[in-house]
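Pasting query-v6.tsv here (TSV, C-alpha atoms and all ligand atoms):
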chain	number	residue	atom	x	y	z
A	1	MET	CA	17.30	-51.38	39.35
A	2	THR	CA	20.13	-53.86	39.52
A	3	LYS	CA	23.35	-52.38	40.94
A	4	LYS	CA	25.99	-52.90	38.26
A	5	LEU	CA	29.16	-53.86	40.09
A	6	PHE	CA	30.98	-54.18	36.75
A	7	HIS	CA	31.03	-50.40	36.61
A	8	SER	CA	32.97	-49.98	39.84
A	9	ASP	CA	35.22	-53.04	39.36
A	10	GLN	CA	35.44	-54.45	35.85
A	11	TYR	CA	37.73	-57.26	37.00
A	12	GLN	CA	35.36	-58.69	39.63
A	13	THR	CA	34.07	-62.08	38.50
A	14	MET	CA	32.00	-63.17	41.49
A	15	CYS	CA	29.57	-61.60	43.96
A	16	GLN	CA	26.76	-62.38	46.35
A	17	ALA	CA	23.33	-61.01	45.46
A	18	ILE	CA	19.83	-61.03	46.89
A	19	VAL	CA	17.09	-62.38	44.65
A	20	GLN	CA	14.50	-59.64	43.99
A	21	SER	CA	12.06	-61.50	41.76
A	22	ILE	CA	11.58	-64.82	39.98
A	23	GLN	CA	9.22	-65.36	37.05
A	24	ASP	CA	9.49	-68.95	35.80
A	25	ASN	CA	13.21	-69.07	35.02
A	26	ILE	CA	13.74	-65.28	34.77
A	27	VAL	CA	15.54	-63.83	37.78
A	28	VAL	CA	16.23	-60.27	38.94
A	29	LEU	CA	18.97	-59.53	41.50
A	30	ASP	CA	19.77	-56.53	43.69
A	31	GLN	CA	23.34	-56.37	42.33
A	32	THR	CA	25.50	-58.18	39.81
A	33	VAL	CA	28.89	-58.67	38.21
A	34	PHE	CA	27.21	-60.25	35.15
A	35	PHE	CA	27.20	-57.82	32.18
A	36	ALA	CA	24.10	-57.89	29.94
A	37	PHE	CA	24.35	-57.15	26.21
A	38	SER	CA	24.59	-53.41	25.68
A	39	GLY	CA	26.22	-50.99	23.26
A	40	GLY	CA	27.36	-53.82	21.00
A	41	GLN	CA	29.17	-55.67	23.79
A	42	GLU	CA	28.01	-59.26	24.26
A	43	SER	CA	26.80	-60.54	27.62
A	44	ASP	CA	29.01	-62.41	30.02
A	45	THR	CA	28.50	-66.13	30.48
A	46	GLY	CA	28.25	-67.76	33.89
A	47	THR	CA	25.95	-68.95	36.63
A	48	ILE	CA	23.54	-67.65	39.26
A	49	GLY	CA	23.08	-69.90	42.27
A	50	GLY	CA	25.01	-72.55	40.35
A	51	ILE	CA	22.51	-72.49	37.44
A	52	GLU	CA	23.68	-71.53	33.97
A	53	VAL	CA	22.48	-68.20	32.61
A	54	ILE	CA	21.30	-68.57	29.01
A	55	ASN	CA	20.33	-64.96	28.36
A	56	ALA	CA	20.91	-61.61	30.08
A	57	THR	CA	18.80	-58.58	29.19
A	58	ASP	CA	19.29	-55.06	30.44
A	59	THR	CA	15.76	-53.62	30.47
A	60	SER	CA	17.03	-50.05	30.88
A	61	THR	CA	16.06	-47.63	28.15
A	62	LYS	CA	17.86	-44.41	27.26
A	63	ASP	CA	15.77	-42.43	29.75
A	64	THR	CA	14.59	-45.01	32.26
A	65	PRO	CA	16.86	-47.31	34.23
A	66	GLY	CA	15.51	-50.85	34.58
A	67	PRO	CA	16.68	-54.11	36.12
A	68	ILE	CA	18.79	-56.74	34.38
A	69	GLU	CA	16.76	-59.90	33.73
A	70	TYR	CA	18.64	-63.19	33.75
A	71	GLU	CA	17.13	-66.20	32.03
A	72	LEU	CA	18.34	-69.42	33.61
A	73	ASN	CA	18.43	-72.76	31.83
A	74	THR	CA	16.15	-74.27	34.47
A	75	THR	CA	13.62	-73.01	37.02
A	76	PRO	CA	15.65	-72.13	40.10
A	77	ASP	CA	15.38	-73.90	43.44
A	78	PHE	CA	16.11	-70.64	45.32
A	79	ILE	CA	13.39	-68.16	46.24
A	80	VAL	CA	12.95	-64.39	46.46
A	81	GLY	CA	15.03	-63.02	49.32
A	82	ASP	CA	17.66	-65.74	49.11
A	83	THR	CA	21.32	-64.82	48.75
A	84	VAL	CA	22.91	-66.41	45.68
A	85	THR	CA	26.37	-66.45	44.17
A	86	VAL	CA	26.81	-64.79	40.77
A	87	SER	CA	29.83	-66.06	38.87
A	88	ILE	CA	31.09	-65.21	35.39
A	89	ASP	CA	33.64	-66.66	32.97
A	90	GLU	CA	36.79	-64.66	33.74
A	91	LYS	CA	38.66	-65.35	30.49
A	92	ARG	CA	35.67	-64.33	28.38
A	93	ARG	CA	35.24	-61.08	30.33
A	94	GLN	CA	38.93	-60.24	30.00
A	95	ASP	CA	39.03	-60.95	26.26
A	96	ILE	CA	35.95	-58.78	25.76
A	97	MET	CA	37.45	-55.93	27.84
A	98	ARG	CA	40.65	-56.09	25.80
A	99	LEU	CA	38.87	-56.05	22.44
A	100	HIS	CA	36.33	-53.44	23.54
A	101	THR	CA	39.16	-51.07	24.49
A	102	ALA	CA	40.92	-51.75	21.18
A	103	VAL	CA	37.69	-50.97	19.29
A	104	HIS	CA	37.57	-47.48	20.81
A	105	LEU	CA	41.20	-46.78	19.92
A	106	VAL	CA	40.84	-48.01	16.34
A	107	TYR	CA	37.78	-45.80	15.94
A	108	TYR	CA	39.81	-42.72	16.92
A	109	PHE	CA	42.81	-43.67	14.80
A	110	VAL	CA	40.55	-44.12	11.76
A	111	ILE	CA	38.75	-40.79	12.14
A	112	GLU	CA	42.05	-39.02	12.76
A	113	ARG	CA	43.11	-40.27	9.32
A	114	LEU	CA	39.89	-39.87	7.39
A	115	GLY	CA	38.10	-37.02	9.10
A	116	ASP	CA	34.68	-37.43	10.54
A	117	VAL	CA	33.53	-40.66	8.88
A	118	GLU	CA	30.34	-42.00	10.36
A	119	ILE	CA	30.39	-45.11	12.50
A	120	ILE	CA	27.36	-47.23	11.68
A	121	GLY	CA	27.83	-50.17	14.00
A	122	SER	CA	30.10	-52.03	16.35
A	123	HIS	CA	30.11	-55.39	18.06
A	124	ILE	CA	32.37	-57.03	20.61
A	125	SER	CA	32.44	-60.78	21.20
A	126	GLN	CA	35.09	-62.86	22.95
A	127	GLY	CA	37.03	-63.56	19.75
A	128	LYS	CA	36.45	-60.42	17.73
A	129	GLY	CA	35.73	-56.72	17.90
A	130	ARG	CA	34.41	-54.96	14.84
A	131	ILE	CA	33.50	-51.43	13.76
A	132	ASP	CA	31.58	-50.49	10.64
A	133	PHE	CA	32.14	-47.17	8.92
A	134	GLU	CA	30.20	-45.39	6.22
A	135	THR	CA	32.89	-44.42	3.73
A	136	GLU	CA	33.80	-44.88	0.08
A	137	ILE	CA	37.46	-45.17	1.05
A	138	ASN	CA	38.90	-48.67	0.97
A	139	LEU	CA	40.15	-49.05	4.54
A	140	ASN	CA	42.76	-51.54	3.35
A	141	GLU	CA	44.75	-48.45	2.38
A	142	ILE	CA	45.19	-47.52	6.03
A	143	ARG	CA	44.73	-50.88	7.74
A	144	GLU	CA	48.41	-51.62	8.25
A	145	ASP	CA	49.20	-48.08	9.42
A	146	ILE	CA	46.38	-48.20	11.95
A	147	GLN	CA	47.54	-51.61	13.12
A	148	ASP	CA	51.06	-50.28	13.68
A	149	GLN	CA	49.74	-47.18	15.43
A	150	LEU	CA	47.59	-49.35	17.69
A	151	LYS	CA	50.52	-51.62	18.52
A	152	THR	CA	52.68	-48.64	19.49
A	153	TYR	CA	49.90	-47.07	21.53
A	154	ILE	CA	49.27	-50.34	23.40
A	155	GLN	CA	52.98	-50.63	24.22
A	156	GLN	CA	53.05	-47.07	25.56
A	157	GLU	CA	50.89	-48.21	28.50
A	158	HIS	CA	48.23	-45.51	28.52
A	159	ASP	CA	45.87	-45.46	31.50
A	160	ILE	CA	42.15	-45.78	30.94
A	161	GLN	CA	39.33	-44.60	33.13
A	162	THR	CA	35.63	-45.26	33.17
A	163	LEU	CA	33.48	-42.83	35.08
A	164	ALA	CA	29.89	-41.82	35.68
A	165	ASP	CA	28.75	-38.52	34.22
A	166	GLU	CA	28.81	-35.73	36.80
A	167	SER	CA	25.24	-34.62	36.11
A	168	ASP	CA	23.66	-37.95	35.20
A	169	GLN	CA	24.79	-41.13	36.97
A	170	ASN	CA	23.13	-43.26	34.28
A	171	ILE	CA	25.56	-41.96	31.67
A	172	ARG	CA	29.06	-43.40	31.70
A	173	TRP	CA	32.26	-42.30	30.01
A	174	TRP	CA	35.30	-44.14	28.72
A	175	GLU	CA	38.43	-42.02	28.81
A	176	CYS	CA	42.00	-42.60	27.62
A	177	GLU	CA	43.99	-39.39	27.81
A	178	ASP	CA	42.64	-37.15	25.02
A	179	TYR	CA	40.11	-39.72	23.85
A	180	LYS	CA	36.73	-39.73	25.53
A	181	MET	CA	33.39	-41.21	24.56
A	182	MET	CA	30.14	-42.25	26.18
A	183	CYS	CA	30.21	-45.96	26.90
A	184	ALA	CA	28.80	-48.21	29.62
A	185	GLY	CA	30.70	-51.33	28.64
A	186	THR	CA	33.67	-52.99	30.34
A	187	HIS	CA	37.27	-52.09	29.48
A	188	VAL	CA	40.81	-52.74	30.66
A	189	GLN	CA	42.50	-50.07	32.80
A	190	ASN	CA	45.70	-49.81	30.80
A	191	THR	CA	46.35	-50.27	27.07
A	192	LYS	CA	49.14	-52.80	27.79
A	193	GLU	CA	46.48	-55.30	28.85
A	194	ILE	CA	45.11	-55.42	25.29
A	195	GLY	CA	48.13	-57.44	24.17
A	196	ILE	CA	48.91	-58.13	20.52
A	197	VAL	CA	46.04	-57.73	18.11
A	198	LYS	CA	45.75	-57.52	14.35
A	199	LEU	CA	43.28	-55.83	12.06
A	200	LYS	CA	41.33	-57.12	9.12
A	201	ARG	CA	39.29	-55.11	6.64
A	202	LYS	CA	36.07	-56.16	4.96
A	203	ASN	CA	33.97	-54.36	2.40
A	204	LEU	CA	30.28	-54.64	3.20
A	205	GLY	CA	29.16	-53.09	-0.10
A	206	SER	CA	27.53	-49.73	-0.88
A	207	GLY	CA	30.07	-47.52	0.86
A	208	LYS	CA	30.31	-49.56	4.04
A	209	GLU	CA	33.66	-50.72	5.39
A	210	ARG	CA	34.37	-52.96	8.37
A	211	ILE	CA	37.48	-53.21	10.53
A	212	GLU	CA	37.81	-56.37	12.59
A	213	ILE	CA	40.15	-56.68	15.56
A	214	ILE	CA	41.32	-60.11	16.58
A	215	PHE	CA	43.99	-61.40	18.94
A	216	ASP	CA	47.28	-62.30	17.31
A	217	GLU	CA	48.18	-65.09	19.70
A	218	LYS	CA	50.89	-66.42	17.40
A	219	ALA	CA	52.82	-63.16	17.48
A	220	ILE	CA	55.94	-63.09	19.62
A	221	GLN	CA	55.26	-61.00	22.70
B	301	ZN	ZN	33.42	-48.88	25.57

Spit out the file's structure as structure tokens when you get a sec.
Amino acid sequence: MTKKLFHSDQYQTMCQAIVQSIQDNIVVLDQTVFFAFSGGQESDTGTIGGIEVINATDTSTKDTPGPIEYELNTTPDFIVGDTVTVSIDEKRRQDIMRLHTAVHLVYYFVIERLGDVEIIGSHISQGKGRIDFETEINLNEIREDIQDQLKTYIQQEHDIQTLADESDQNIRWWECEDYKMMCAGTHVQNTKEIGIVKLKRKNLGSGKERIEIIFDEKAIQ
């Protein structure tokens, strides 16, 4: 098991870790700040012991916790038992936390409008968050309203918490006032940190609709 420091402090971008195992260029650490792809959220980018990480895999399954395996772009010169520095790209992490939080809010705003439409996928990268819904309704009809609602909600500076489940430490919750869902990703602690975002709608065919969330950097703050 790799201790996931990004659960206790989502803003931490560097830590020391002890190398637990090395297999060619795959490394396992005792603890980490480096998020590995999970729940639609992309992995961080960064280095371990100064060597670039090219892939991060969380080997945990739904029922069994497992270590995070980091694939480095070269065989490391450190050995098992060494202490190494883990460092991640801060801007990328922050952008992902902002968009990930916005994705949760948009999900709730959409289902508040449309009733219990099914979510069939979501993905968060540094430049874009997206959610796919199964619905025959053209989401362009509500896109602008949802965007306005999101903007207002962001400006209202709502606090956000992420916590472990009381009965199962492997389950984590994201909570923003009345909104609460299971999620083990990384998020900002207050909606104001999301900043100005805009929504786009795409039809994916056969009753599938996508909402994309992107930063609106040109907007006047
Ligand atoms: Zn989340």

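Comparing A:Val28, A:Leu150, A:Cys15, A:Ile124 by their smallest distance to A:Ser87, the closest is A:Cys15 (using only C-alpha atoms).
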
Exercise for review: Find the residues around A:Ala164 up to 12 Å (only C-alpha atoms counted), leave out those fewer than 5 positions away in its own chain, and share them as a PyMOL selection string.
Suggested key: chain A and resi 7-8+169-175+181-185

Same residues, C-alpha atoms, saved as a compact mmCIF listing (two decimals), in the frame of the given file:
# COMPACT_ATOMS: atom_id res chain seq x y z
CA HIS A 7 31.03 -50.40 36.61
CA SER A 8 32.97 -49.98 39.84
CA GLN A 169 24.79 -41.13 36.97
CA ASN A 170 23.13 -43.26 34.28
CA ILE A 171 25.56 -41.96 31.67
CA ARG A 172 29.06 -43.40 31.70
CA TRP A 173 32.26 -42.30 30.01
CA TRP A 174 35.30 -44.14 28.72
CA GLU A 175 38.43 -42.02 28.81
CA MET A 181 33.39 -41.21 24.56
CA MET A 182 30.14 -42.25 26.18
CA CYS A 183 30.21 -45.96 26.90
CA ALA A 184 28.80 -48.21 29.62
CA GLY A 185 30.70 -51.33 28.64

Practice item. Name the residues within 8 Å of (46.4, -55.4, 14.6), counting only C-alpha atoms in the file's coordinates, and put them as an MDAnalysis selection string. Key: chainID A and resid 144 146:148 150:151 196:200 213:216

Point to revise | Env. residues ligand ZN 301 (chain B) / 12 Å / all atoms listed in the file / as a ChimeraX atom specification | key: /A:7,10,38-42,96-107,122-124,129,160-163,172-176,179-189

Would you save the residues of that selection, restricted to C-alpha atoms, as a JSON list (two decimals), in the coordinates of the input?
[["chain", "number", "residue", "atom", "x", "y", "z"],
["A", 7, "HIS", "CA", 31.03, -50.40, 36.61],
["A", 10, "GLN", "CA", 35.44, -54.45, 35.85],
["A", 38, "SER", "CA", 24.59, -53.41, 25.68],
["A", 39, "GLY", "CA", 26.22, -50.99, 23.26],
["A", 40, "GLY", "CA", 27.36, -53.82, 21.00],
["A", 41, "GLN", "CA", 29.17, -55.67, 23.79],
["A", 42, "GLU", "CA", 28.01, -59.26, 24.26],
["A", 96, "ILE", "CA", 35.95, -58.78, 25.76],
["A", 97, "MET", "CA", 37.45, -55.93, 27.84],
["A", 98, "ARG", "CA", 40.65, -56.09, 25.80],
["A", 99, "LEU", "CA", 38.87, -56.05, 22.44],
["A", 100, "HIS", "CA", 36.33, -53.44, 23.54],
["A", 101, "THR", "CA", 39.16, -51.07, 24.49],
["A", 102, "ALA", "CA", 40.92, -51.75, 21.18],
["A", 103, "VAL", "CA", 37.69, -50.97, 19.29],
["A", 104, "HIS", "CA", 37.57, -47.48, 20.81],
["A", 105, "LEU", "CA", 41.20, -46.78, 19.92],
["A", 106, "VAL", "CA", 40.84, -48.01, 16.34],
["A", 107, "TYR", "CA", 37.78, -45.80, 15.94],
["A", 122, "SER", "CA", 30.10, -52.03, 16.35],
["A", 123, "HIS", "CA", 30.11, -55.39, 18.06],
["A", 124, "ILE", "CA", 32.37, -57.03, 20.61],
["A", 129, "GLY", "CA", 35.73, -56.72, 17.90],
["A", 160, "ILE", "CA", 42.15, -45.78, 30.94],
["A", 161, "GLN", "CA", 39.33, -44.60, 33.13],
["A", 162, "THR", "CA", 35.63, -45.26, 33.17],
["A", 163, "LEU", "CA", 33.48, -42.83, 35.08],
["A", 172, "ARG", "CA", 29.06, -43.40, 31.70],
["A", 173, "TRP", "CA", 32.26, -42.30, 30.01],
["A", 174, "TRP", "CA", 35.30, -44.14, 28.72],
["A", 175, "GLU", "CA", 38.43, -42.02, 28.81],
["A", 176, "CYS", "CA", 42.00, -42.60, 27.62],
["A", 179, "TYR", "CA", 40.11, -39.72, 23.85],
["A", 180, "LYS", "CA", 36.73, -39.73, 25.53],
["A", 181, "MET", "CA", 33.39, -41.21, 24.56],
["A", 182, "MET", "CA", 30.14, -42.25, 26.18],
["A", 183, "CYS", "CA", 30.21, -45.96, 26.90],
["A", 184, "ALA", "CA", 28.80, -48.21, 29.62],
["A", 185, "GLY", "CA", 30.70, -51.33, 28.64],
["A", 186, "THR", "CA", 33.67, -52.99, 30.34],
["A", 187, "HIS", "CA", 37.27, -52.09, 29.48],
["A", 188, "VAL", "CA", 40.81, -52.74, 30.66],
["A", 189, "GLN", "CA", 42.50, -50.07, 32.80]]

Check your understanding: Near stretch 133-142 of chain A, counting all atoms listed in the file, which residues have an atom at most 7 Å away, once you skip same-chain residues fewer than 2 positions from it, shown as JSON, numbers by chain?
Key -> {"A": [117, 118, 119, 120, 131, 144, 145, 146, 201, 207, 208, 209, 210]}

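Going from atom CA of A:Asp24 over to atom CA of A:Ile88, you cover 21.9 Å.
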
Check your understanding: Near A:Glu90, counting all atoms listed in the file, which residues have an atom at most 9 Å away, once you skip same-chain residues fewer than 4 positions from it, shown as a PyMOL selection string?
Key -> chain A and resi 11-13+44+94-95

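Between atom CA of A:Asp89 and atom CA of A:Ile48 lies a distance of 11.9 Å.
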
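Between atom CA of A:Gln156 and atom CA of A:Lys128 the interatomic distance comes to 22.7 Å.
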
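Counting only C-alpha atoms, the residue from A:Phe34, A:Gly66, A:Ile194, A:Gln20 that sits nearest to A:Met1 is A:Gly66.
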
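In this comparison, which uses only C-alpha atoms, the residue of A:Arg113, A:Gly46, A:Thr57, A:Glu69 approaching A:Arg143 most closely is A:Arg113.
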
Review point. With all atoms listed in the file as the atoms that count, which of A:Thr75, A:Thr2, A:Thr45, A:Thr61 lies nearest to A:Gln23?
Key: A:Thr75

Review point. Between A:Asp168, A:Glu112, A:Glu177, A:Glu217, which is the closest to A:Thr64 once you count only C-alpha atoms?
Key: A:Asp168

Need to verify the contact set: A:Val80, 9 Å, all atoms listed in the file, exclusion of same-chain residues closer than 6 positions in sequence. Can you return it as a PDB file with C-alpha atoms, keeping the file's coordinate frame?
ATOM      1  CA  ILE A  18      19.830 -61.030  46.890  1.00  0.00           C
ATOM      2  CA  VAL A  19      17.090 -62.380  44.650  1.00  0.00           C
ATOM      3  CA  GLN A  20      14.500 -59.640  43.990  1.00  0.00           C
ATOM      4  CA  SER A  21      12.060 -61.500  41.760  1.00  0.00           C
ATOM      5  CA  ILE A  22      11.580 -64.820  39.980  1.00  0.00           C
TER       6      ILE A  22
END

Review point. Any idea what's packed within 7 Å of A:Val86, counting only C-alpha atoms, ignoring anything in its chain fewer than 2 positions away? Could you give it as a ChimeraX atom specification?
Key: /A:14-17,32-33,47-49,84,88
